[in-house]
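What follows is the content of query18.csv (CSV, C-alpha atoms and all ligand atoms).
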chain,number,residue,atom,x,y,z
A,21,MET,CA,103.3,-82.8,-26.1
A,22,SER,CA,101.6,-81.2,-29.1
A,23,ILE,CA,98.5,-79.1,-28.8
A,24,ARG,CA,95.0,-79.2,-30.4
A,25,ILE,CA,92.3,-76.6,-30.7
A,26,PRO,CA,89.1,-77.7,-29.0
A,27,PRO,CA,85.6,-77.6,-30.5
A,28,LEU,CA,84.7,-74.1,-31.7
A,29,MET,CA,82.1,-72.2,-29.6
A,30,SER,CA,81.6,-68.8,-31.0
A,31,GLY,CA,83.6,-66.7,-33.5
A,32,GLY,CA,83.8,-64.5,-36.5
A,33,LEU,CA,85.3,-64.1,-40.0
A,34,ILE,CA,87.6,-61.1,-40.6
A,35,THR,CA,86.9,-60.1,-44.2
A,36,ASN,CA,89.8,-57.6,-44.4
A,37,TYR,CA,92.3,-55.7,-42.3
A,38,HIS,CA,92.0,-52.5,-44.3
A,39,CYS,CA,90.1,-49.7,-42.6
A,40,THR,CA,89.7,-46.0,-43.3
A,41,SER,CA,89.9,-45.4,-39.5
A,42,LYS,CA,92.9,-46.0,-37.3
A,43,CYS,CA,91.2,-46.3,-33.9
A,44,ARG,CA,93.6,-46.1,-30.9
A,45,HIS,CA,92.2,-49.3,-29.4
A,46,CYS,CA,92.1,-51.5,-32.5
A,47,LEU,CA,93.0,-55.1,-31.6
A,48,TYR,CA,93.9,-55.9,-35.2
A,49,ARG,CA,95.9,-52.7,-35.9
A,50,SER,CA,93.6,-51.9,-38.9
A,51,SER,CA,94.2,-48.7,-40.8
A,52,ALA,CA,94.2,-47.2,-44.3
A,53,LYS,CA,97.8,-48.4,-44.6
A,54,ARG,CA,97.0,-52.0,-44.1
A,55,GLU,CA,96.8,-54.4,-47.1
A,56,LYS,CA,93.6,-54.0,-49.2
A,57,GLY,CA,92.8,-57.7,-49.7
A,58,TYR,CA,89.3,-59.0,-49.0
A,59,VAL,CA,88.2,-62.5,-48.4
A,60,ASP,CA,87.0,-64.3,-51.5
A,61,TYR,CA,84.0,-66.5,-51.8
A,62,GLN,CA,85.8,-69.8,-51.7
A,63,THR,CA,88.0,-68.9,-48.7
A,64,ALA,CA,84.9,-67.8,-46.9
A,65,ARG,CA,83.2,-71.0,-47.7
A,66,ASP,CA,86.2,-73.1,-46.6
A,67,CYS,CA,86.4,-71.2,-43.3
A,68,PHE,CA,82.7,-71.5,-42.6
A,69,ARG,CA,82.8,-75.2,-43.4
A,70,THR,CA,85.7,-75.8,-41.1
A,71,ALA,CA,84.0,-73.9,-38.3
A,72,ARG,CA,80.8,-75.9,-38.8
A,73,ARG,CA,82.8,-79.2,-38.7
A,74,MET,CA,84.4,-78.1,-35.5
A,75,GLY,CA,81.0,-77.5,-33.9
A,76,CYS,CA,80.2,-73.8,-34.6
A,77,GLN,CA,77.0,-72.9,-36.4
A,78,ASN,CA,76.7,-69.1,-35.7
A,79,MET,CA,79.3,-66.6,-36.6
A,80,HIS,CA,79.8,-62.8,-37.0
A,81,ILE,CA,81.6,-60.8,-39.7
A,82,GLY,CA,84.0,-58.1,-39.0
A,83,GLY,CA,87.3,-56.5,-40.1
A,84,GLY,CA,88.8,-54.0,-40.8
A,85,GLU,CA,85.7,-52.4,-42.2
A,86,SER,CA,83.7,-55.1,-44.0
A,87,PHE,CA,81.6,-52.6,-46.0
A,88,LEU,CA,84.6,-51.3,-47.9
A,89,ASP,CA,84.0,-54.1,-50.4
A,90,PHE,CA,80.2,-54.3,-50.5
A,91,GLU,CA,80.0,-56.8,-53.3
A,92,GLY,CA,82.6,-58.9,-51.4
A,93,LEU,CA,80.5,-58.7,-48.3
A,94,LYS,CA,77.4,-60.0,-50.2
A,95,GLU,CA,79.5,-62.9,-51.4
A,96,VAL,CA,80.5,-63.7,-47.8
A,97,LEU,CA,76.8,-63.8,-46.8
A,98,ARG,CA,76.1,-66.1,-49.7
A,99,ALA,CA,79.0,-68.4,-48.6
A,100,ALA,CA,77.6,-68.5,-45.1
A,101,GLN,CA,74.2,-69.5,-46.4
A,102,ARG,CA,75.7,-72.1,-48.6
A,103,GLU,CA,77.6,-73.7,-45.7
A,104,GLY,CA,74.6,-73.5,-43.2
A,105,ILE,CA,76.2,-70.8,-41.0
A,106,THR,CA,73.9,-68.3,-39.4
A,107,ILE,CA,75.4,-64.8,-39.3
A,108,GLU,CA,74.7,-63.2,-36.0
A,109,TYR,CA,75.8,-59.8,-37.1
A,110,VAL,CA,78.1,-57.8,-39.3
A,111,GLU,CA,80.2,-55.1,-37.7
A,112,THR,CA,80.5,-51.7,-39.2
A,113,ASN,CA,82.0,-48.3,-38.3
A,114,SER,CA,79.4,-46.6,-40.7
A,115,ILE,CA,82.0,-44.8,-43.0
A,116,TRP,CA,80.1,-46.0,-46.0
A,117,PHE,CA,76.9,-44.0,-45.3
A,118,SER,CA,76.2,-41.5,-48.0
A,119,SER,CA,72.4,-41.1,-47.9
A,120,LEU,CA,69.5,-42.7,-46.1
A,121,ASP,CA,68.0,-44.0,-49.4
A,122,ARG,CA,71.2,-45.6,-50.5
A,123,ALA,CA,71.9,-47.1,-47.0
A,124,VAL,CA,68.3,-48.6,-46.9
A,125,GLU,CA,68.9,-50.1,-50.4
A,126,MET,CA,72.2,-51.6,-49.3
A,127,LEU,CA,70.9,-53.0,-46.0
A,128,GLY,CA,67.9,-54.4,-47.8
A,129,GLU,CA,70.3,-56.4,-50.1
A,130,LEU,CA,72.1,-57.8,-47.0
A,131,LYS,CA,68.8,-58.6,-45.4
A,132,GLY,CA,67.8,-60.5,-48.5
A,133,LEU,CA,70.9,-62.6,-48.0
A,134,GLY,CA,69.9,-63.6,-44.5
A,135,LEU,CA,71.4,-60.8,-42.3
A,136,GLU,CA,69.2,-59.8,-39.3
A,137,GLN,CA,71.5,-57.6,-37.3
A,138,LEU,CA,74.2,-54.9,-37.7
A,139,LEU,CA,76.7,-54.1,-35.0
A,140,VAL,CA,77.2,-50.4,-35.2
A,141,SER,CA,80.4,-49.0,-33.5
A,142,ILE,CA,79.7,-46.0,-31.3
A,143,SER,CA,82.5,-44.5,-29.3
A,144,PRO,CA,84.7,-41.3,-29.1
A,145,LEU,CA,87.7,-43.3,-30.4
A,146,HIS,CA,85.7,-44.2,-33.5
A,147,ASN,CA,84.4,-40.5,-33.6
A,148,GLU,CA,88.0,-39.4,-34.3
A,149,TYR,CA,87.4,-40.8,-37.8
A,150,ILE,CA,83.6,-41.1,-38.3
A,151,PRO,CA,81.2,-38.3,-37.8
A,152,LEU,CA,78.2,-39.2,-35.6
A,153,ARG,CA,75.9,-38.2,-38.5
A,154,LYS,CA,76.9,-41.3,-40.4
A,155,VAL,CA,76.4,-43.5,-37.4
A,156,ARG,CA,72.9,-42.1,-36.9
A,157,GLY,CA,72.2,-42.5,-40.6
A,158,VAL,CA,73.1,-46.2,-40.5
A,159,MET,CA,71.0,-46.8,-37.5
A,160,ALA,CA,68.0,-45.0,-39.2
A,161,ALA,CA,68.6,-47.1,-42.2
A,162,CYS,CA,68.5,-50.3,-40.0
A,163,ASN,CA,65.2,-49.2,-38.6
A,164,ARG,CA,63.8,-48.6,-42.1
A,165,SER,CA,65.1,-51.9,-43.4
A,166,GLY,CA,64.0,-54.0,-40.5
A,167,LEU,CA,67.5,-54.9,-39.4
A,168,GLN,CA,68.2,-55.1,-35.6
A,169,ILE,CA,70.8,-52.7,-34.3
A,170,PHE,CA,73.5,-53.9,-31.9
A,171,PRO,CA,74.8,-50.6,-30.7
A,172,TRP,CA,78.4,-50.9,-29.4
A,173,VAL,CA,78.2,-49.0,-27.1
A,174,LYS,CA,75.2,-46.8,-26.4
A,175,GLY,CA,76.6,-45.3,-23.2
A,176,PHE,CA,78.9,-42.9,-25.1
A,177,LEU,CA,76.0,-41.3,-27.1
A,178,PRO,CA,75.3,-38.5,-24.5
A,179,ASP,CA,79.0,-37.4,-24.6
A,180,MET,CA,79.1,-37.5,-28.4
A,181,GLU,CA,75.8,-35.7,-28.8
A,182,THR,CA,77.3,-32.6,-27.1
A,183,LEU,CA,79.6,-32.1,-30.2
A,184,ASP,CA,78.8,-31.2,-33.8
A,185,GLU,CA,77.6,-34.5,-35.4
A,186,ASN,CA,78.7,-33.5,-38.9
A,187,VAL,CA,82.4,-33.6,-38.3
A,188,THR,CA,84.9,-35.8,-36.5
A,189,HIS,CA,86.3,-34.9,-33.1
A,190,SER,CA,89.6,-35.7,-31.5
A,191,ILE,CA,89.9,-37.4,-28.1
A,192,GLU,CA,91.6,-34.1,-27.0
A,193,GLU,CA,88.3,-32.3,-27.6
A,194,TYR,CA,86.6,-34.9,-25.3
A,195,GLN,CA,89.3,-34.4,-22.7
A,196,LEU,CA,88.7,-30.6,-22.7
A,197,LEU,CA,85.0,-31.2,-22.2
A,198,PHE,CA,84.9,-34.1,-19.9
A,199,GLY,CA,88.2,-34.1,-18.1
A,200,SER,CA,91.8,-35.0,-18.8
A,201,ASP,CA,91.2,-38.6,-17.6
A,202,TYR,CA,88.8,-39.3,-20.5
A,203,LEU,CA,91.1,-41.5,-22.5
A,204,GLU,CA,92.5,-43.3,-19.4
A,205,ASP,CA,89.0,-44.1,-18.2
A,206,PHE,CA,87.9,-45.3,-21.7
A,207,PRO,CA,88.4,-49.0,-20.9
A,208,ASP,CA,86.1,-48.7,-17.9
A,209,ARG,CA,83.2,-47.9,-20.3
A,210,TYR,CA,84.1,-49.9,-23.4
A,211,TRP,CA,85.5,-53.5,-23.7
A,212,VAL,CA,89.1,-53.1,-24.7
A,213,HIS,CA,91.3,-56.1,-25.2
A,214,TRP,CA,95.0,-55.6,-24.4
A,215,GLY,CA,96.4,-56.4,-27.8
A,216,GLY,CA,97.3,-54.6,-31.0
A,217,ARG,CA,97.1,-50.8,-30.9
A,218,ALA,CA,95.4,-50.7,-27.5
A,219,LEU,CA,98.8,-51.6,-26.0
A,220,GLU,CA,100.4,-48.5,-27.5
A,221,THR,CA,97.5,-46.3,-26.5
A,222,PHE,CA,97.0,-47.4,-22.9
A,223,ARG,CA,100.5,-48.4,-21.8
A,224,GLN,CA,101.1,-44.8,-20.7
A,225,PHE,CA,98.4,-45.2,-18.0
A,226,ALA,CA,99.6,-48.6,-16.6
A,227,ILE,CA,102.1,-49.6,-13.9
A,228,LEU,CA,104.9,-51.0,-16.0
A,229,ARG,CA,107.0,-54.0,-14.7
A,230,PRO,CA,110.3,-55.4,-16.0
A,231,ALA,CA,110.1,-58.2,-18.6
A,232,LYS,CA,111.7,-60.6,-16.2
A,233,VAL,CA,108.5,-60.5,-14.1
A,234,PHE,CA,106.5,-61.9,-17.0
A,235,ILE,CA,109.2,-64.2,-18.3
A,236,ASP,CA,109.4,-65.9,-14.8
A,237,MET,CA,105.6,-66.5,-14.9
A,238,THR,CA,105.4,-70.2,-15.9
A,239,ASP,CA,101.6,-70.3,-16.2
A,240,PRO,CA,100.6,-71.5,-19.7
A,241,CYS,CA,98.7,-69.3,-22.1
A,242,ARG,CA,95.6,-71.5,-22.1
A,243,CYS,CA,93.7,-68.5,-23.7
A,244,LEU,CA,95.1,-69.7,-27.0
A,245,LEU,CA,92.8,-72.7,-26.7
A,246,ASP,CA,89.8,-70.6,-25.8
A,247,THR,CA,87.2,-70.9,-28.6
A,248,THR,CA,84.5,-68.6,-27.2
A,249,HIS,CA,85.7,-65.7,-29.4
A,250,PHE,CA,87.8,-67.2,-32.2
A,251,HIS,CA,88.3,-65.8,-35.7
A,252,PHE,CA,89.2,-66.9,-39.2
A,253,ASP,CA,90.6,-64.3,-41.5
A,254,LEU,CA,90.8,-63.5,-45.2
A,255,ASN,CA,94.1,-65.4,-45.6
A,256,GLY,CA,92.4,-68.6,-44.5
A,257,ASN,CA,94.0,-68.5,-41.1
A,258,TYR,CA,92.5,-69.3,-37.7
A,259,ILE,CA,93.4,-66.7,-35.0
A,260,PRO,CA,93.5,-68.5,-31.6
A,261,GLY,CA,91.8,-66.8,-28.7
A,262,LEU,CA,92.0,-63.0,-29.0
A,263,CYS,CA,95.8,-63.1,-29.7
A,264,SER,CA,96.0,-61.0,-32.8
A,265,GLY,CA,99.1,-61.6,-34.8
A,266,LEU,CA,99.1,-65.4,-34.2
A,267,ALA,CA,97.8,-67.7,-37.0
A,268,ILE,CA,97.1,-71.3,-37.6
A,269,ARG,CA,96.5,-72.5,-41.2
A,270,ARG,CA,92.8,-73.5,-41.6
A,271,GLU,CA,94.0,-76.8,-43.0
A,272,ASP,CA,95.8,-77.5,-39.7
A,273,VAL,CA,93.3,-76.3,-37.2
A,274,GLU,CA,91.4,-79.5,-36.9
A,275,HIS,CA,94.5,-81.5,-36.2
A,276,VAL,CA,97.3,-81.8,-33.6
A,277,LEU,CA,99.6,-78.8,-34.0
A,278,PRO,CA,103.2,-80.1,-33.9
A,279,ALA,CA,105.8,-77.9,-32.2
A,280,SER,CA,107.9,-78.2,-35.3
A,281,ASN,CA,105.3,-76.2,-37.3
A,282,TYR,CA,103.9,-74.1,-34.5
A,283,PRO,CA,106.8,-73.5,-32.1
A,284,VAL,CA,105.6,-70.1,-30.7
A,285,ILE,CA,102.0,-71.3,-30.1
A,286,ASN,CA,103.2,-74.5,-28.5
A,287,ALA,CA,105.7,-72.7,-26.3
A,288,LEU,CA,103.1,-70.2,-25.1
A,289,VAL,CA,100.5,-72.9,-24.4
A,290,GLU,CA,102.9,-75.1,-22.5
A,291,GLU,CA,105.4,-72.8,-20.9
A,292,GLY,CA,103.8,-69.3,-21.1
A,293,MET,CA,106.0,-66.3,-21.6
A,294,GLY,CA,109.1,-68.1,-20.5
A,295,GLY,CA,108.7,-70.4,-23.6
A,296,LEU,CA,108.4,-67.5,-26.0
A,297,ALA,CA,111.3,-65.6,-24.4
A,298,ALA,CA,113.5,-68.8,-24.9
A,299,ILE,CA,112.6,-68.9,-28.6
A,300,ALA,CA,113.3,-65.2,-29.0
A,301,GLY,CA,116.6,-65.7,-27.2
A,302,LEU,CA,117.7,-68.3,-29.7
A,303,ALA,CA,117.2,-65.7,-32.4
A,304,ASP,CA,119.1,-63.2,-30.3
A,305,ILE,CA,116.0,-61.1,-29.7
A,306,LYS,CA,115.5,-59.5,-26.3
A,307,PRO,CA,112.7,-57.3,-24.8
A,308,SER,CA,113.0,-53.9,-26.3
A,309,ARG,CA,111.5,-51.8,-23.5
A,310,GLU,CA,112.2,-51.4,-19.8
A,311,GLY,CA,108.7,-52.0,-18.7
A,312,TYR,CA,105.5,-53.8,-19.8
A,313,MET,CA,101.9,-53.4,-18.7
A,314,ASN,CA,101.2,-57.2,-18.8
A,315,LYS,CA,102.4,-60.4,-20.4
A,316,CYS,CA,100.5,-59.7,-23.6
A,317,ASP,CA,102.5,-56.5,-24.0
A,318,LEU,CA,105.8,-58.4,-23.8
A,319,CYS,CA,104.4,-61.2,-26.0
A,320,ASP,CA,103.5,-58.6,-28.7
A,321,ASP,CA,106.9,-57.0,-28.5
A,322,LEU,CA,108.8,-60.3,-28.9
A,323,ARG,CA,106.6,-61.6,-31.6
A,324,GLY,CA,106.9,-58.3,-33.5
A,325,GLN,CA,110.7,-58.4,-33.4
A,326,LEU,CA,110.7,-62.0,-34.6
A,327,SER,CA,108.4,-61.2,-37.4
A,328,ARG,CA,110.2,-58.0,-38.5
A,329,ALA,CA,113.5,-59.9,-38.4
A,330,GLY,CA,112.2,-62.5,-40.8
A,331,TRP,CA,112.6,-65.3,-38.3
A,332,ALA,CA,112.4,-68.6,-40.1
A,333,GLY,CA,109.5,-69.9,-38.1
A,334,SER,CA,107.4,-66.8,-38.5
A,335,GLY,CA,104.5,-68.5,-40.5
A,336,GLU,CA,102.5,-68.5,-37.3
A,337,LEU,CA,103.3,-64.8,-36.8
A,338,ALA,CA,100.7,-63.4,-39.3
A,339,PRO,CA,99.6,-61.3,-40.9
A,340,ALA,CA,103.0,-59.5,-41.3
A,341,GLY,CA,101.1,-56.2,-41.5
A,342,HIS,CA,100.1,-56.6,-37.9
A,343,TYR,CA,103.7,-56.1,-36.9
A,344,ALA,CA,104.8,-53.7,-39.6
B,1,LIG,S1,88.3,-50.6,-34.4
B,1,LIG,FE1,87.1,-51.0,-36.2
B,1,LIG,S2,86.8,-48.9,-37.1
B,1,LIG,FE2,88.5,-48.8,-35.7
B,1,LIG,S3,90.4,-49.1,-36.9
B,1,LIG,FE3,89.8,-51.1,-36.0
B,1,LIG,S4,88.5,-52.0,-37.6
B,1,LIG,FE4,88.6,-49.8,-38.1
B,2,LIG,S1,100.7,-63.6,-23.6
B,2,LIG,FE1,100.5,-63.8,-25.9
B,2,LIG,S2,99.6,-65.8,-26.2
B,2,LIG,FE2,99.2,-65.3,-24.1
B,2,LIG,S3,97.2,-64.3,-24.0
B,2,LIG,FE3,98.7,-62.7,-24.2
B,2,LIG,S4,98.9,-62.3,-26.4
B,2,LIG,FE4,97.9,-64.3,-26.1

Can I see the file as structure tokens?
Amino acid sequence: MSIRIPPLMSGGLITNYHCTSKCRHCLYRSSAKREKGYVDYQTARDCFRTARRMGCQNMHIGGGESFLDFEGLKEVLRAAQREGITIEYVETNSIWFSSLDRAVEMLGELKGLGLEQLLVSISPLHNEYIPLRKVRGVMAACNRSGLQIFPWVKGFLPDMETLDENVTHSIEEYQLLFGSDYLEDFPDRYWVHWGGRALETFRQFAILRPAKVFIDMTDPCRCLLDTTHFHFDLNGNYIPGLCSGLAIRREDVEHVLPASNYPVINALVEEGMGGLAAIAGLADIKPSREGYMNKCDLCDDLRGQLSRAGWAGSGELAPAGHYA
């Protein structure tokens, strides 16, 4: 049996994986060391057109940090307008803020291209790289420009306001102020998906279980077929579910995905972790750790080893920078 992605419900376009920050919870493992590419106008149009054909008319824009190429971001908004896609919001970490006047000018340009809302990241893990002053500046500029603010998340502001807003603060500073459990409790206050860098950060707090426990689970990974939070990226790939590091070519996403071209995704959808472990076994790859926090932790480990080993079928294990 070969699988097929169902109609698309809600999703986003990842403009770039590059980011000046390296947040400990980042699902896409963005950082200053990631590739600097940015989605071009034609790729953005192709992704929006495909999304629209598959039933989705509203999307968001994220990264990486989308504002790192402001002209590129404007091109993406033009591409969305051209393809009849409404942009619900653009995500930003606010690093680009230099002055209120300049920020108002920039946001005014985006508003002129149809943008109504900006998602502003607010959390102590972002504050390790971005001073609160910049975040406040962007929110003030939104107010002046008539852009709605989607604060993600407001609940951390009281904690962050106890520290100097002009500089960044490490999580260790927050732990000294609010308790040693501050990092461990972070996922109770902020949506964290167990993928990417979040695995490395939060594994230390989890009960770890041997790989065999997850390999023996035969339940299929139906989440790969979930289209309520899909993404396309700058490389023209469709990222199924929230499984960062897996990719389906945009040209293929509307069609049946044969196991010959997408062995990992097919194995995961049909056989779960046992299927992926079997593929890894054929390449002589075994779980690298004694314990895993969940099946996604093991999945990321095996996929990472396959990608780094240059496994022949690794076209669906992309971008390579995710596993570097
Ligand atoms: S979470 Fe956002 S701000 Fe942080 S590293 Fe990832 S893309 Fe950058
Ligand atoms: S085990 Fe892998 S495919 Fe399944 S949900 Fe987790 S990351 Fe996605």

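CA of Cys67 (chain A) is found 11.8 Å from CA of Ile259 (chain A).
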
Open item on the list: Could you list, as a PyMOL selection string, all residues that come within 7 Å of ligand LIG 2 (chain B)? Count only C-alpha atoms and all ligand atoms.
Closed with: chain A and resi 215+241+243-244+262-263+288+292-293+315-316+319-320

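CA of Lys94 (chain A) sits 26.7 Å away from CA of Gly265 (chain A).
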
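In this comparison, which uses all atoms listed in the file, the residue of A:Met29, A:Ile105, A:Ile23, A:Cys162 approaching Arg242 (chain A) most closely is A:Ile23.
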
Open item on the list: If we count all atoms listed in the file and set the cut-off at 10 Å, which residues sit around Phe68 (chain A), ignoring sequence neighbours fewer than 6 positions away in its own chain? Please answer as a list in words.
Closed with: Gly32, Leu33, Gln62, Met74, Cys76, Gln77, Asn78, Met79, Val96, Ala99, Ala100, Gln101, Arg102, Glu103, Gly104, Ile105, Thr106 and Phe252 of chain A

Selection file, C-alpha atoms, as a CSV table (one decimal), in the coordinates of the input:
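Saved file result25.csv follows:
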chain,number,residue,atom,x,y,z
A,32,GLY,CA,83.8,-64.5,-36.5
A,33,LEU,CA,85.3,-64.1,-40.0
A,62,GLN,CA,85.8,-69.8,-51.7
A,74,MET,CA,84.4,-78.1,-35.5
A,76,CYS,CA,80.2,-73.8,-34.6
A,77,GLN,CA,77.0,-72.9,-36.4
A,78,ASN,CA,76.7,-69.1,-35.7
A,79,MET,CA,79.3,-66.6,-36.6
A,96,VAL,CA,80.5,-63.7,-47.8
A,99,ALA,CA,79.0,-68.4,-48.6
A,100,ALA,CA,77.6,-68.5,-45.1
A,101,GLN,CA,74.2,-69.5,-46.4
A,102,ARG,CA,75.7,-72.1,-48.6
A,103,GLU,CA,77.6,-73.7,-45.7
A,104,GLY,CA,74.6,-73.5,-43.2
A,105,ILE,CA,76.2,-70.8,-41.0
A,106,THR,CA,73.9,-68.3,-39.4
A,252,PHE,CA,89.2,-66.9,-39.2

- [ ] Identify, counting all atoms listed in the file, the protein, DNA and RNA residues located within 10 Å of ligand LIG 1 (chain B), and give them as number ranges by chain.
- [x] A: 34, 36-52, 82-86, 111-115, 140-143, 145-150, 216-218

- [ ] Give as a ChimeraX atom specification the set of residues within 9 Å of the point (76.2, -48.3, -28.8), where distances use the file's coordinates and all atoms listed in the file.
- [x] /A:139-143,169-177

Write the residues you've just listed into a file as a PDB file, in the coordinates of the input, and include C-alpha atoms for each of them.
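Once written, selection_35.pdb looks like this:
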ATOM      1  CA  LEU A 139      76.700 -54.100 -35.000  1.00  0.00           C
ATOM      2  CA  VAL A 140      77.200 -50.400 -35.200  1.00  0.00           C
ATOM      3  CA  SER A 141      80.400 -49.000 -33.500  1.00  0.00           C
ATOM      4  CA  ILE A 142      79.700 -46.000 -31.300  1.00  0.00           C
ATOM      5  CA  SER A 143      82.500 -44.500 -29.300  1.00  0.00           C
ATOM      6  CA  ILE A 169      70.800 -52.700 -34.300  1.00  0.00           C
ATOM      7  CA  PHE A 170      73.500 -53.900 -31.900  1.00  0.00           C
ATOM      8  CA  PRO A 171      74.800 -50.600 -30.700  1.00  0.00           C
ATOM      9  CA  TRP A 172      78.400 -50.900 -29.400  1.00  0.00           C
ATOM     10  CA  VAL A 173      78.200 -49.000 -27.100  1.00  0.00           C
ATOM     11  CA  LYS A 174      75.200 -46.800 -26.400  1.00  0.00           C
ATOM     12  CA  GLY A 175      76.600 -45.300 -23.200  1.00  0.00           C
ATOM     13  CA  PHE A 176      78.900 -42.900 -25.100  1.00  0.00           C
ATOM     14  CA  LEU A 177      76.000 -41.300 -27.100  1.00  0.00           C
TER      15      LEU A 177
END

- [ ] Please write as a PyMOL selection string the list of polymer residues whose atoms come within 12 Å of (117.1, -57.6, -26.0), counting only C-alpha atoms and keeping to the coordinates of the file.
- [x] chain A and resi 231-232+297-298+300-310+318+321-322+325-326

Could you write out the selected residues, including C-alpha atoms, as an mmCIF file, in the frame of the given file?
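The result, written out as result.cif:
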data_model
loop_
_atom_site.group_PDB
_atom_site.id
_atom_site.type_symbol
_atom_site.label_atom_id
_atom_site.label_comp_id
_atom_site.auth_asym_id
_atom_site.auth_seq_id
_atom_site.Cartn_x
_atom_site.Cartn_y
_atom_site.Cartn_z
ATOM 1 C CA ALA A 231 110.100 -58.200 -18.600
ATOM 2 C CA LYS A 232 111.700 -60.600 -16.200
ATOM 3 C CA ALA A 297 111.300 -65.600 -24.400
ATOM 4 C CA ALA A 298 113.500 -68.800 -24.900
ATOM 5 C CA ALA A 300 113.300 -65.200 -29.000
ATOM 6 C CA GLY A 301 116.600 -65.700 -27.200
ATOM 7 C CA LEU A 302 117.700 -68.300 -29.700
ATOM 8 C CA ALA A 303 117.200 -65.700 -32.400
ATOM 9 C CA ASP A 304 119.100 -63.200 -30.300
ATOM 10 C CA ILE A 305 116.000 -61.100 -29.700
ATOM 11 C CA LYS A 306 115.500 -59.500 -26.300
ATOM 12 C CA PRO A 307 112.700 -57.300 -24.800
ATOM 13 C CA SER A 308 113.000 -53.900 -26.300
ATOM 14 C CA ARG A 309 111.500 -51.800 -23.500
ATOM 15 C CA GLU A 310 112.200 -51.400 -19.800
ATOM 16 C CA LEU A 318 105.800 -58.400 -23.800
ATOM 17 C CA ASP A 321 106.900 -57.000 -28.500
ATOM 18 C CA LEU A 322 108.800 -60.300 -28.900
ATOM 19 C CA GLN A 325 110.700 -58.400 -33.400
ATOM 20 C CA LEU A 326 110.700 -62.000 -34.600
#

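Distance check against Phe90 (chain A) using only C-alpha atoms: of A:Thr35, A:Asn186, A:Gln137, A:Thr70, the minimum falls on A:Thr35.
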
Open item on the list: Under the rule that all atoms listed in the file are counted, which of A:Phe250, A:Tyr312, A:Phe234, A:Tyr202 is the nearest residue to Glu291 (chain A)?
Closed with: A:Phe234

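CA of Ser264 (chain A) sits 21.8 Å away from CA of Phe225 (chain A).
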
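Nearest to Arg209 (chain A) of all the residues A:Leu167, A:Thr238, A:Pro144, A:Tyr258 is A:Pro144, counting only C-alpha atoms.
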
- [ ] Extract, using only C-alpha atoms, all DNA, RNA and protein residues at most 8 Å from Leu120 (chain A), discarding same-chain residues fewer than 2 positions from it, and format them as a VMD selection string.
- [x] chain A and resid 117 to 118 122 to 124 157 to 158 160 to 161

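Look at region 327-334 of chain A: the protein and nucleic acid residues within 8 Å of it, using only C-alpha atoms and passing over chain neighbours fewer than 6 places away, are Asn281, Tyr282, Pro283, Ala303, Ala340, Tyr343 and Ala344 of chain A.
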
Export of the given selection (C-alpha atoms) as a compact mmCIF listing (two decimals), in the frame of the given file:
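What landed in part.txt:
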# COMPACT_ATOMS: atom_id res chain seq x y z
CA ASN A 281 105.30 -76.20 -37.30
CA TYR A 282 103.90 -74.10 -34.50
CA PRO A 283 106.80 -73.50 -32.10
CA ALA A 303 117.20 -65.70 -32.40
CA ALA A 340 103.00 -59.50 -41.30
CA TYR A 343 103.70 -56.10 -36.90
CA ALA A 344 104.80 -53.70 -39.60
